[in-house]
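J.: Structure in structure tokens, see below.
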Amino acid sequence: MINGVLWRLRTGAPWRDLPERYGPWQTAYERFARWEADGTRARLLEQAQVRDDSVGAVEWTVSVDSTISRAHQHAAGARRKGAAAGDELEDPARPSAGQALGRSRGGPTAKVHLACDGRGLPPAVVVTPGNVNDSTVFETVMDEPRAPRTGAGRPRRRPDAVIADKAYSSRATELDRVMSGLFV
């Protein structure tokens, strides 16, 4: 069953296309959904991170970048006639109220900010509206990666080096204070 879940996550195929050798797709899906809901999957991932960090298998050079995903034109919802001023969906101070959709030149967009370790594994993913500047989200993205310790002690959160483009490092003077000169 675990191999079936891993196959599905690796390939991105629909659950119904799970090969028969892994058992019924409904069983694999239901178990995965249950583990996701009760936090078992997160605890398994954390234990794998603890093991990898304890043997030195985690490469703590972190690369940070973002990409914009265009949303379908219907993703922003229908227009309302006579909507009250300050309505959640039309208030520019609260873009799309928790939907991570922002209005940009190309229409409704979302931006995915990703931090990858030296092996290309993503320890941090942050989704924001598409009109959010990369430099304003840098600290949020850098707060995500952490590796718990095997014994007592705080989890490791500070990378050895950070690789970022100009969009993230435009606030380098502030961020140097926070990250103590970890820009490459």
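Letters for chains follow the order of the structure tokens (A, B, ...), residue numbers begin at 1 for each chain, and ligand numbers begin at 1 in the order shown.
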Name all residues at most 6 Å from Thr109 (chain A) (count only C-alpha atoms; drop same-chain ones fewer than 5 positions away) and give them as an MDAnalysis selection string.

T.: chainID A and resid 69:71 101:102 130

J.: Would you write out, as a Markdown table, a table of all residues in region 104-171 of chain A that have an atom no more than 9 Å from an atom of region 32-51 of chain A, listing for each the closest atom pair and the distance in Å to one decimal, considering only C-alpha atoms and ordering rows by chain and rising residue number?

T.:
| residue | atom | partner | partner_atom | distance |
| --- | --- | --- | --- | --- |
| A:Arg146 | CA | A:Gln49 | CA | 8.8 |
| A:Ala147 | CA | A:Gln49 | CA | 6.0 |
| A:Pro148 | CA | A:Val50 | CA | 5.6 |
| A:Arg149 | CA | A:Val50 | CA | 5.9 |
| A:Thr150 | CA | A:Val50 | CA | 6.1 |

J.: Skip region 113-118 of chain A itself and residues of its chain fewer than 6 positions away, then list as an MDAnalysis selection string all residues within 12 Å of it, counting only C-alpha atoms.

T.: chainID A and resid 57:69 100 124:130 132:147 158:164 167:168

J.: Any idea what the distance is between CA of Gly4 (chain A) and CA of Ala28 (chain A)?

T.: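 Here the two named atoms are 6.6 Å from each other.
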
J.: In Å, rounded to a single decimal, give me how far CA of Trp15 (chain A) is from CA of Tyr29 (chain A).

T.: 6.7 Å
